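Data block below; observations after.
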Amino acid sequence: MHMKIKKKIALWLLCCCAFGQAAAQDREDISLNDKQSFISHLLEQMTLDEKIGQLHQCSGRGNFTGPDTLHLPLEEYVRQGKVGTMLNIIGIKEIRKYQSLALQSRLHIPLIFGLDIIHGYRTGFPIPLAEAASFDLAMMEEAARCNALEGAADGQNWTFAPMVDISWDARWGRVMEGAGEDPYLGSKVAEARVKGLQGEQLGDTCSMMACVKHFAGYGAPMSGKDYNSVDMSMGQFANFYMPPYQAAVEAGAATVMSAFNDFQSIPCTSNRFLLTELLRERWGFKGIVVSDYSSVEELINHRVAENRKDAAAQAFQAGLDIEMVSQCYLRHLKELVQEGKVKEEVIDQAVGRILEKKYELGLFHDPYRFCNEARSNRIINSSRIRNSSLRMAERSVVLLKNERQTLPFSDMIRTVALIGSLGKSQFDMAGAWAGSVDRSKIVTLYDALIQRGIKVIYQEGYDIRSGKISSLNASLQAAQQADAVIVCLGERAEQSGESKSKANLNLPEGQQLLVEELAKTGKPIVSLLMCGRPLIFNEVRRHSPAILCTWWLGSEAGNAICNVLWGKYNPSGKLPMTFPANMGQVPIFYQYKSTGRPTRPHVHYCTSYIDSSTEPAYPFGFGLSFTSFRYGKPEIIPSDHPDHAHAFLRINISNTGSRDGEEVVQLYVQDKVARITRPVKELKGFQKVFLKAGESKTVTFPITDETLGYYDNDMHFTVEKGEFIFMTGGSSHDTQEVTYFHPFSKI
């Protein structure tokens with residue numbers, strides 16, 4: 001009897017895996033090898049209800065990324081073909097369950113499974129903002145590739161990443177999910193992450209569909225409050241917020257997600273200018289546009305839609321293909337077609353795009369191609385993936401201060417006082433938006449120190465929730481018994497991320513006072529800032545001789561931090577966001593405009609504060625090393641091929657210290673006189689170079705239209721004739737200048 005059951009199950013699975021060929025025979029033997037013919041004939045077989053079902057995405061019952069208010073009969077919906085894609089279904093067993101239900105629908109159309117794999121599926125990688133601090137594009141592409149490897153190995157086809165929203169406001173909790181404040185860096189990171197996630201082609205069992213989000217302007221909410229309104233000019237959008245979205249689309253991103261906010265007073269979910277005119281008509285995007293969680297229904301809360309039917313009409317007419325979770329499409333699109341308010345041929349176009357991605361993923365050939373337990377067991381948390389996580393984490397650390405050569409520790413440091421529960425918390429080292437990351441396999445700093453044979457005297461020091469000092473005397477005693485003191489400061493993972501906006505970015509007073517008291521012991525003190533966003537920590541800056549921003553680094557956090565502390569890896573990270581000195585400066589960013597009365601020292605009638613400096617605590621692009629670098633004078637070199645580059649900027653850089661190290665050489669430009677107001681400087685290039693102690697290298701940057709140009713207020717790209725000032729150096733505040741004259745204009 002047991003063998004008969006096994007044979008029946010095997011036969012049933014074989015039939016399901018071969019359903020594409022059987023379905024093709026039902027459709028007049030259309031070949032699976034002819035994508036367009038296959039999709040066209042499949043569309044001809046579909047009823048209007050089945051088409052609308054493809055436009056509906058629903059969530060699994062666990063791991064919600066938004067409010068669960070619908071309580072749907074999921075299994076029945078899937079079996080009836082009322083669902084085209086699903087999110088929050090985790091694990092091969094569950095994915096097989098829902099895929100098998102989809103194959104019981106009349107036309108056996110398979111599901112796509114999506115998940116928020118933001119910085120690791122089961123193996124945790126550094127949060128995206130930390131990865132951006134590496135300025136290492138190849139490493140970021142590899143990290144995204146590893147995320148896709150693990151996710152695809154466990155049945156996932158689609159990740160709702162990368163988030164490419166630019167933000168100048170650290171109050172907004174989702175800065176941890178992006179690449180920071182700069183559009184040039186953000187564009188390069190977006191391109192790297194899309195390429196890493198999608199690989200050579202969709203359908204490879206080691207790649208996933210990327211989803212560019214949140215389109216558009218989501219990183220600029222008023223007051224830094226998540227989901228809040230956005231108000232900006234078209235020129236501001238085009239020059240500072242648009243570039244990463246465009247770069248991700250041009251890199252081949254398969255999908256785009258609309259944003260929760262409004263743009264030009266129209267919610268992005270129903271914004272035809274964004275979703276059709278800009279995205280499809282101007283940029284030529286051919287993929288799928290998906291809403292954010294329930295944002296179609298939330299058009300009613302925006303007070304632009306009267307009811308769910310009106311919301312469905314507005315979103316679909318704007319160019320939104322898939323409605324995530326809410327059921328406005330499912331309930332009302334058919335009625336809208338019958339009333340002539342929505343054309344069925346337009347529905348066919350949207351459904352065709354979805355079927356095309358299912359085809360490209362190979363799901364019509366084998367709906368279970370991503371459900372291979374042997375592959376999953378081989379890849380997830382493998383040594384290759386964890387080694388990539390370690391290397392990414394090392395490169396994400398930013399050295400902010402290092403007085404008296406406190407770091408790196410010598411081999412004589414054998415007993416360490418570890419203060420602060422963040423140094424022992426697997427949960428927090430995973431970071432915000434860790435999703436399905438296996439926290440039980442995260443190596444904390446405490447774990448890593450013990451594994452290295454270091455004697456650890458541990459004290460919590462402060463209460464992690466209130467921030468108040470909890471064990472001052474015990475912490476001081478631990479410091480007295482140790483060779484060095486490591487203080488773990490910062491945020492818990494739940495304090496940054498979606499819906500985690502803050503009105504106060506100051507590190508808790510108790511944490512800072514603890515550092516001040518520990519400094520009185522005279523022991524070498526290293527403060528580690530573990531966080532998901534820029535914070536304010538002036539007392540720590542004042543009293544701690546060494547400060548490292550270690551963010552949340554994921555599964556190999558402890559090992560990466562130890563490698564930096566003992567100099568096995570020389571830190572090379574640079575800040576992707578400006579760190580403010582006080583709350584009054586927020587939002588703060590480096591690419592501000594001069595204004596008619598620019599900031600000038602000791603000048604009263606200029607843009608300034610009467611009670612504070614305008615200077616940040618740490619500028620964009622800042623980061624120290626255990627070695628030192630000297631920059632030569634930049635020079636402009638004429639181009640032999642002006643069609644490719646107008647000229648080149650060349651600069652020599654030398655490692656003048658005693659250690660090998662990496663430096664991020666940064667190129668900024670200022671348009672001396674323009675038709676519209678322009679920033680005092682803009683990042684237009686960077687190169688990360690490795691230099692052995694005493695070694696020198698020449699770094700060259702091409703000067704192209706993209707280097708010199710900008711968008712005017714009508715979104716026309718313009719390059720003007722005239723003088724440009726180029727600045728090169730190791731941060732946005734530490735540069736040398738050279739002037740270039742551009743001989744002609746281009747509009």
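In the structure tokens, chains take letters A, B, ... by order of appearance, with residues numbered from 1 within each chain and ligands from 1 in the order shown.
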
Within 6 Å of region 581-598 of chain A, counting only C-alpha atoms, which residues show up once you throw out same-chain ones fewer than 6 positions away? Write them as a PyMOL selection string, please. chain A and resi 168-169+606-607+616-617+678-682

As a VMD selection string, please: the residues near Leu649 (chain A) (cut-off 12 Å, only C-alpha atoms, same-chain neighbours under 4 positions excluded). chain A and resid 633 to 639 645 666 to 669 684 to 686 698 to 704 707 725 to 728 737 to 740

Just the selected residues (N, CA and C atoms), exported as a tab-separated table (two decimals), in the first residue's frame, please.
```
chain	number	residue	atom	x	y	z
A	633	LYS	N	48.21	67.06	-6.97
A	633	LYS	CA	47.38	68.11	-7.54
A	633	LYS	C	46.65	67.57	-8.77
A	634	PRO	N	45.33	67.74	-8.84
A	634	PRO	CA	44.60	67.25	-10.01
A	634	PRO	C	44.93	68.06	-11.26
A	635	GLU	N	44.87	67.41	-12.40
A	635	GLU	CA	45.13	68.11	-13.66
A	635	GLU	C	44.17	67.63	-14.73
A	636	ILE	N	43.85	68.52	-15.66
A	636	ILE	CA	42.95	68.22	-16.77
A	636	ILE	C	43.78	67.82	-17.99
A	637	ILE	N	43.44	66.69	-18.59
A	637	ILE	CA	44.15	66.17	-19.76
A	637	ILE	C	43.20	66.20	-20.95
A	638	PRO	N	43.61	66.79	-22.07
A	638	PRO	CA	42.74	66.81	-23.26
A	638	PRO	C	42.44	65.39	-23.75
A	639	SER	N	41.31	65.24	-24.39
A	639	SER	CA	40.89	63.94	-24.91
A	639	SER	C	41.24	63.80	-26.38
A	645	ALA	N	34.77	61.26	-24.53
A	645	ALA	CA	35.01	62.09	-23.34
A	645	ALA	C	35.56	63.43	-23.80
A	666	GLN	N	37.34	60.37	-4.66
A	666	GLN	CA	36.04	60.94	-5.02
A	666	GLN	C	36.22	62.17	-5.90
A	667	LEU	N	35.34	62.27	-6.91
A	667	LEU	CA	35.35	63.38	-7.84
A	667	LEU	C	34.05	64.17	-7.72
A	668	TYR	N	34.18	65.46	-7.45
A	668	TYR	CA	33.01	66.35	-7.35
A	668	TYR	C	33.14	67.45	-8.40
A	669	VAL	N	31.98	67.99	-8.79
A	669	VAL	CA	32.00	69.07	-9.78
A	669	VAL	C	31.06	70.19	-9.34
A	684	LYS	N	30.45	63.05	-8.98
A	684	LYS	CA	30.32	62.63	-10.37
A	684	LYS	C	31.26	61.47	-10.73
A	685	GLY	N	31.93	60.94	-9.73
A	685	GLY	CA	32.80	59.79	-9.98
A	685	GLY	C	33.48	59.36	-8.70
A	686	PHE	N	33.80	58.09	-8.61
A	686	PHE	CA	34.63	57.59	-7.52
A	686	PHE	C	35.30	56.30	-7.97
A	698	THR	N	48.01	56.42	-10.23
A	698	THR	CA	47.33	57.53	-10.90
A	698	THR	C	45.89	57.11	-11.19
A	699	VAL	N	44.95	57.93	-10.79
A	699	VAL	CA	43.53	57.68	-11.01
A	699	VAL	C	43.03	58.66	-12.05
A	700	THR	N	42.27	58.15	-13.02
A	700	THR	CA	41.78	58.99	-14.12
A	700	THR	C	40.26	58.92	-14.19
A	701	PHE	N	39.63	60.08	-14.34
A	701	PHE	CA	38.17	60.18	-14.50
A	701	PHE	C	37.86	60.82	-15.85
A	702	PRO	N	36.96	60.23	-16.63
A	702	PRO	CA	36.54	60.90	-17.87
A	702	PRO	C	35.58	62.04	-17.57
A	703	ILE	N	35.68	63.10	-18.33
A	703	ILE	CA	34.73	64.21	-18.24
A	703	ILE	C	33.81	64.12	-19.45
A	704	THR	N	32.55	63.79	-19.19
A	704	THR	CA	31.57	63.54	-20.25
A	704	THR	C	30.37	64.47	-20.07
A	707	THR	N	28.92	64.01	-16.73
A	707	THR	CA	29.68	64.66	-15.67
A	707	THR	C	29.27	66.12	-15.53
A	725	ILE	N	34.35	73.73	-11.95
A	725	ILE	CA	35.38	73.47	-10.95
A	725	ILE	C	35.30	72.00	-10.53
A	726	PHE	N	36.37	71.26	-10.73
A	726	PHE	CA	36.43	69.87	-10.30
A	726	PHE	C	37.19	69.78	-8.98
A	727	MET	N	36.68	68.94	-8.09
A	727	MET	CA	37.26	68.76	-6.77
A	727	MET	C	37.50	67.27	-6.54
A	728	THR	N	38.69	66.92	-6.09
A	728	THR	CA	39.00	65.52	-5.82
A	728	THR	C	39.57	65.40	-4.42
A	737	GLU	N	41.11	71.50	-5.91
A	737	GLU	CA	40.36	71.98	-7.06
A	737	GLU	C	41.21	72.15	-8.31
A	738	VAL	N	40.54	72.00	-9.44
A	738	VAL	CA	41.12	72.34	-10.72
A	738	VAL	C	39.98	72.83	-11.62
A	739	THR	N	40.25	73.78	-12.48
A	739	THR	CA	39.21	74.38	-13.33
A	739	THR	C	39.26	73.81	-14.74
A	740	TYR	N	38.08	73.59	-15.28
A	740	TYR	CA	37.95	73.10	-16.66
A	740	TYR	C	36.97	74.02	-17.39
```

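For the choices A:Asn570, A:Thr255, A:Thr677, A:Thr123, the atom-to-atom distance to Leu691 (chain A) is smallest for A:Asn570 when using only C-alpha atoms.
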
All helix (DSSP H, G or I) residues (DSSP, backbone) inside region 344-453 of chain A, as a compact mmCIF listing (two decimals) with N, CA, C and O atoms, in the first residue's frame:
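For reference, out.txt as written:
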```
# COMPACT_ATOMS: atom_id res chain seq x y z
N GLU A 344 -10.61 46.16 -22.18
CA GLU A 344 -10.08 44.82 -21.95
C GLU A 344 -8.74 44.63 -22.66
O GLU A 344 -7.88 43.89 -22.16
N GLU A 345 -8.51 45.31 -23.78
CA GLU A 345 -7.22 45.16 -24.46
C GLU A 345 -6.08 45.73 -23.61
O GLU A 345 -4.94 45.27 -23.72
N VAL A 346 -6.39 46.73 -22.77
CA VAL A 346 -5.37 47.25 -21.87
C VAL A 346 -5.10 46.24 -20.76
O VAL A 346 -3.95 46.06 -20.33
N ILE A 347 -6.13 45.58 -20.29
CA ILE A 347 -5.95 44.48 -19.33
C ILE A 347 -5.09 43.39 -19.95
O ILE A 347 -4.20 42.83 -19.31
N ASP A 348 -5.35 43.08 -21.21
CA ASP A 348 -4.55 42.07 -21.92
C ASP A 348 -3.06 42.45 -21.92
O ASP A 348 -2.19 41.59 -21.76
N GLN A 349 -2.79 43.73 -22.11
CA GLN A 349 -1.39 44.17 -22.12
C GLN A 349 -0.73 43.94 -20.76
O GLN A 349 0.40 43.46 -20.67
N ALA A 350 -1.45 44.29 -19.69
CA ALA A 350 -0.90 44.10 -18.34
C ALA A 350 -0.71 42.62 -18.03
O ALA A 350 0.33 42.21 -17.51
N VAL A 351 -1.71 41.82 -18.35
CA VAL A 351 -1.62 40.37 -18.11
C VAL A 351 -0.50 39.77 -18.95
O VAL A 351 0.25 38.90 -18.49
N GLY A 352 -0.37 40.25 -20.18
CA GLY A 352 0.70 39.76 -21.05
C GLY A 352 2.08 39.99 -20.45
O GLY A 352 2.97 39.13 -20.56
N ARG A 353 2.25 41.14 -19.80
CA ARG A 353 3.55 41.40 -19.16
C ARG A 353 3.81 40.42 -18.02
O ARG A 353 4.95 39.98 -17.81
N ILE A 354 2.77 40.09 -17.28
CA ILE A 354 2.92 39.14 -16.17
C ILE A 354 3.21 37.74 -16.69
O ILE A 354 4.12 37.04 -16.20
N LEU A 355 2.47 37.32 -17.70
CA LEU A 355 2.70 35.99 -18.29
C LEU A 355 4.10 35.91 -18.90
O LEU A 355 4.75 34.85 -18.86
N GLU A 356 4.56 37.01 -19.48
CA GLU A 356 5.89 37.02 -20.07
C GLU A 356 6.97 36.76 -19.02
O GLU A 356 7.92 36.01 -19.25
N LYS A 357 6.82 37.37 -17.85
CA LYS A 357 7.80 37.14 -16.78
C LYS A 357 7.71 35.70 -16.26
O LYS A 357 8.73 35.09 -15.93
N LYS A 358 6.53 35.15 -16.20
CA LYS A 358 6.40 33.75 -15.79
C LYS A 358 7.08 32.84 -16.81
O LYS A 358 7.72 31.85 -16.44
N TYR A 359 6.94 33.20 -18.06
CA TYR A 359 7.61 32.43 -19.12
C TYR A 359 9.12 32.55 -18.99
O TYR A 359 9.85 31.56 -19.04
N GLU A 360 9.61 33.78 -18.84
CA GLU A 360 11.06 34.00 -18.75
C GLU A 360 11.66 33.34 -17.51
O GLU A 360 12.82 32.93 -17.53
N GLU A 373 15.10 20.81 -3.02
CA GLU A 373 15.58 20.76 -1.64
C GLU A 373 17.08 20.49 -1.56
O GLU A 373 17.77 21.03 -0.69
N ALA A 374 17.59 19.68 -2.47
CA ALA A 374 19.03 19.39 -2.46
C ALA A 374 19.82 20.66 -2.75
O ALA A 374 20.84 20.93 -2.10
N ARG A 375 19.35 21.42 -3.73
CA ARG A 375 20.03 22.68 -4.05
C ARG A 375 19.92 23.66 -2.89
O ARG A 375 20.88 24.36 -2.54
N SER A 376 18.75 23.70 -2.27
CA SER A 376 18.55 24.58 -1.13
C SER A 376 19.50 24.23 0.02
O SER A 376 20.16 25.11 0.59
N ASN A 377 19.60 22.98 0.33
CA ASN A 377 20.49 22.54 1.42
C ASN A 377 21.96 22.81 1.11
O ASN A 377 22.76 23.10 2.01
N ARG A 378 22.30 22.74 -0.16
CA ARG A 378 23.69 22.96 -0.57
C ARG A 378 24.09 24.44 -0.52
O ARG A 378 25.22 24.78 -0.18
N ILE A 379 23.15 25.32 -0.82
CA ILE A 379 23.47 26.74 -0.99
C ILE A 379 23.25 27.55 0.28
O ILE A 379 24.10 28.37 0.66
N SER A 383 29.43 27.98 3.01
CA SER A 383 30.66 28.71 3.33
C SER A 383 30.90 29.82 2.32
O SER A 383 31.40 30.89 2.67
N ARG A 384 30.55 29.59 1.05
CA ARG A 384 30.72 30.63 0.03
C ARG A 384 29.88 31.86 0.37
O ARG A 384 30.35 32.99 0.29
N ILE A 385 28.61 31.63 0.71
CA ILE A 385 27.71 32.75 1.02
C ILE A 385 28.20 33.48 2.27
O ILE A 385 28.26 34.71 2.31
N ARG A 386 28.58 32.73 3.28
CA ARG A 386 29.01 33.38 4.53
C ARG A 386 30.32 34.13 4.34
O ARG A 386 30.54 35.18 4.95
N ASN A 387 31.19 33.61 3.50
CA ASN A 387 32.44 34.33 3.23
C ASN A 387 32.17 35.65 2.53
O ASN A 387 32.81 36.67 2.82
N SER A 388 31.20 35.65 1.61
CA SER A 388 30.82 36.90 0.95
C SER A 388 30.21 37.88 1.95
O SER A 388 30.47 39.09 1.89
N SER A 389 29.41 37.35 2.86
CA SER A 389 28.83 38.20 3.90
C SER A 389 29.92 38.82 4.76
O SER A 389 29.85 40.01 5.11
N LEU A 390 30.95 38.04 5.09
CA LEU A 390 32.06 38.55 5.90
C LEU A 390 32.80 39.65 5.16
O LEU A 390 33.08 40.73 5.72
N ARG A 391 33.13 39.42 3.90
CA ARG A 391 33.88 40.42 3.13
C ARG A 391 33.06 41.70 2.93
O ARG A 391 33.59 42.80 3.00
N MET A 392 31.76 41.54 2.71
CA MET A 392 30.90 42.72 2.58
C MET A 392 30.85 43.49 3.89
O MET A 392 30.90 44.73 3.90
N ALA A 393 30.77 42.77 4.99
CA ALA A 393 30.69 43.42 6.30
C ALA A 393 31.97 44.19 6.62
O ALA A 393 31.93 45.31 7.13
N GLU A 394 33.12 43.59 6.34
CA GLU A 394 34.39 44.28 6.59
C GLU A 394 34.46 45.60 5.84
O GLU A 394 34.89 46.63 6.38
N ARG A 395 34.02 45.58 4.60
CA ARG A 395 34.13 46.76 3.75
C ARG A 395 33.09 47.83 4.08
O ARG A 395 33.19 48.97 3.61
N SER A 396 32.09 47.46 4.90
CA SER A 396 31.03 48.40 5.25
C SER A 396 31.36 49.25 6.47
O SER A 396 30.71 50.26 6.74
N GLU A 403 42.29 58.42 17.59
CA GLU A 403 43.34 59.19 18.25
C GLU A 403 44.31 58.27 18.98
O GLU A 403 43.95 57.18 19.43
N ARG A 404 45.52 58.73 19.10
CA ARG A 404 46.57 58.05 19.86
C ARG A 404 46.80 56.62 19.36
O ARG A 404 47.19 55.74 20.14
N GLN A 405 46.49 56.38 18.08
CA GLN A 405 46.68 55.06 17.48
C GLN A 405 46.06 53.96 18.34
O GLN A 405 46.62 52.88 18.54
N SER A 421 24.75 45.50 25.56
CA SER A 421 24.12 44.24 25.13
C SER A 421 24.05 44.09 23.62
O SER A 421 23.82 42.99 23.12
N LEU A 422 24.23 45.18 22.84
CA LEU A 422 24.25 45.04 21.39
C LEU A 422 25.40 44.16 20.93
O LEU A 422 25.35 43.57 19.86
N GLY A 423 26.45 44.07 21.73
CA GLY A 423 27.58 43.22 21.39
C GLY A 423 27.30 41.75 21.56
O GLY A 423 28.12 40.90 21.17
N LYS A 424 26.12 41.44 22.11
CA LYS A 424 25.78 40.04 22.40
C LYS A 424 24.44 39.65 21.79
O LYS A 424 23.93 38.57 22.06
N GLN A 426 22.14 38.58 18.82
CA GLN A 426 21.98 38.06 17.46
C GLN A 426 20.83 38.75 16.74
O GLN A 426 20.92 39.07 15.55
N PHE A 427 19.75 39.00 17.47
CA PHE A 427 18.58 39.61 16.85
C PHE A 427 18.92 40.97 16.26
O PHE A 427 18.57 41.27 15.11
N ASP A 428 19.61 41.80 17.01
CA ASP A 428 19.89 43.16 16.55
C ASP A 428 20.95 43.21 15.47
O ASP A 428 20.90 44.08 14.58
N MET A 429 21.92 42.30 15.50
CA MET A 429 22.95 42.32 14.45
C MET A 429 22.39 41.93 13.09
O MET A 429 22.99 42.24 12.06
N ALA A 430 21.23 41.28 13.07
CA ALA A 430 20.58 40.99 11.79
C ALA A 430 20.10 42.28 11.15
O ALA A 430 20.06 42.41 9.92
N ARG A 439 18.54 34.11 12.38
CA ARG A 439 19.25 34.83 13.44
C ARG A 439 20.06 33.90 14.34
O ARG A 439 21.01 34.34 14.99
N SER A 440 19.69 32.65 14.38
CA SER A 440 20.41 31.71 15.27
C SER A 440 21.83 31.46 14.78
O SER A 440 22.68 30.98 15.54
N LYS A 441 22.11 31.81 13.52
CA LYS A 441 23.44 31.58 12.96
C LYS A 441 24.26 32.86 12.84
O LYS A 441 25.30 32.89 12.18
N LEU A 445 29.59 39.95 18.26
CA LEU A 445 30.94 40.35 18.64
C LEU A 445 31.42 39.53 19.83
O LEU A 445 32.59 39.10 19.88
N TYR A 446 30.54 39.28 20.77
CA TYR A 446 30.90 38.44 21.93
C TYR A 446 31.35 37.06 21.46
O TYR A 446 32.39 36.55 21.89
N ASP A 447 30.57 36.46 20.57
CA ASP A 447 30.93 35.12 20.04
C ASP A 447 32.30 35.15 19.38
O ASP A 447 33.14 34.27 19.61
N ALA A 448 32.52 36.15 18.54
CA ALA A 448 33.76 36.22 17.77
C ALA A 448 34.97 36.41 18.68
O ALA A 448 36.03 35.82 18.44
N LEU A 449 34.84 37.23 19.72
CA LEU A 449 35.94 37.43 20.66
C LEU A 449 36.30 36.13 21.36
O LEU A 449 37.49 35.77 21.49
N ILE A 450 35.30 35.41 21.80
CA ILE A 450 35.53 34.13 22.49
C ILE A 450 36.21 33.14 21.54
O ILE A 450 37.16 32.43 21.91
N GLN A 451 35.72 33.08 20.29
CA GLN A 451 36.29 32.15 19.31
C GLN A 451 37.75 32.46 19.02
O GLN A 451 38.51 31.57 18.63
```

Write out as a ChimeraX atom specification which residues come within 8 Å of Glu663 (chain A) when counting only C-alpha atoms, dropping same-chain ones fewer than 4 positions away. /A:572,629,688-691,730

Residue nearest Leu55 (chain A) among A:Lys502, A:Lys225, A:His332, A:His108 (counting only C-alpha atoms): A:His332

Using only C-alpha atoms, which of the listed residues (A:Glu181, A:Asp734, A:Asp366, A:Asp116) sits closest to Ala210 (chain A)? A:Asp116

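All residues within region 226-352 of chain A that the backbone DSSP calculation assigns to strand (DSSP E or B) are Thr255, Val256, Met257, Ser258, Asp262, Phe263, Ile266, Pro267, Ile288, Val289, Val290, Ile322, Glu323 and Met324 of chain A.
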
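Comparing A:Leu330, A:Val296, A:Met176, A:Ala192 by their smallest distance to Met140 (chain A), the closest is A:Ala192 (using only C-alpha atoms).
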
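Using only C-alpha atoms for every distance, the candidate list A:Gly497, A:Gly340, A:Pro508, A:Gly180 yields A:Gly497 as the residue closest to Gly532 (chain A).
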
Near Ala102 (chain A), counting only C-alpha atoms, which residues have an atom at most 8 Å away, once you skip same-chain residues fewer than 3 positions from it, shown as a PyMOL selection string? chain A and resi 78-81+98-99+105+108-111
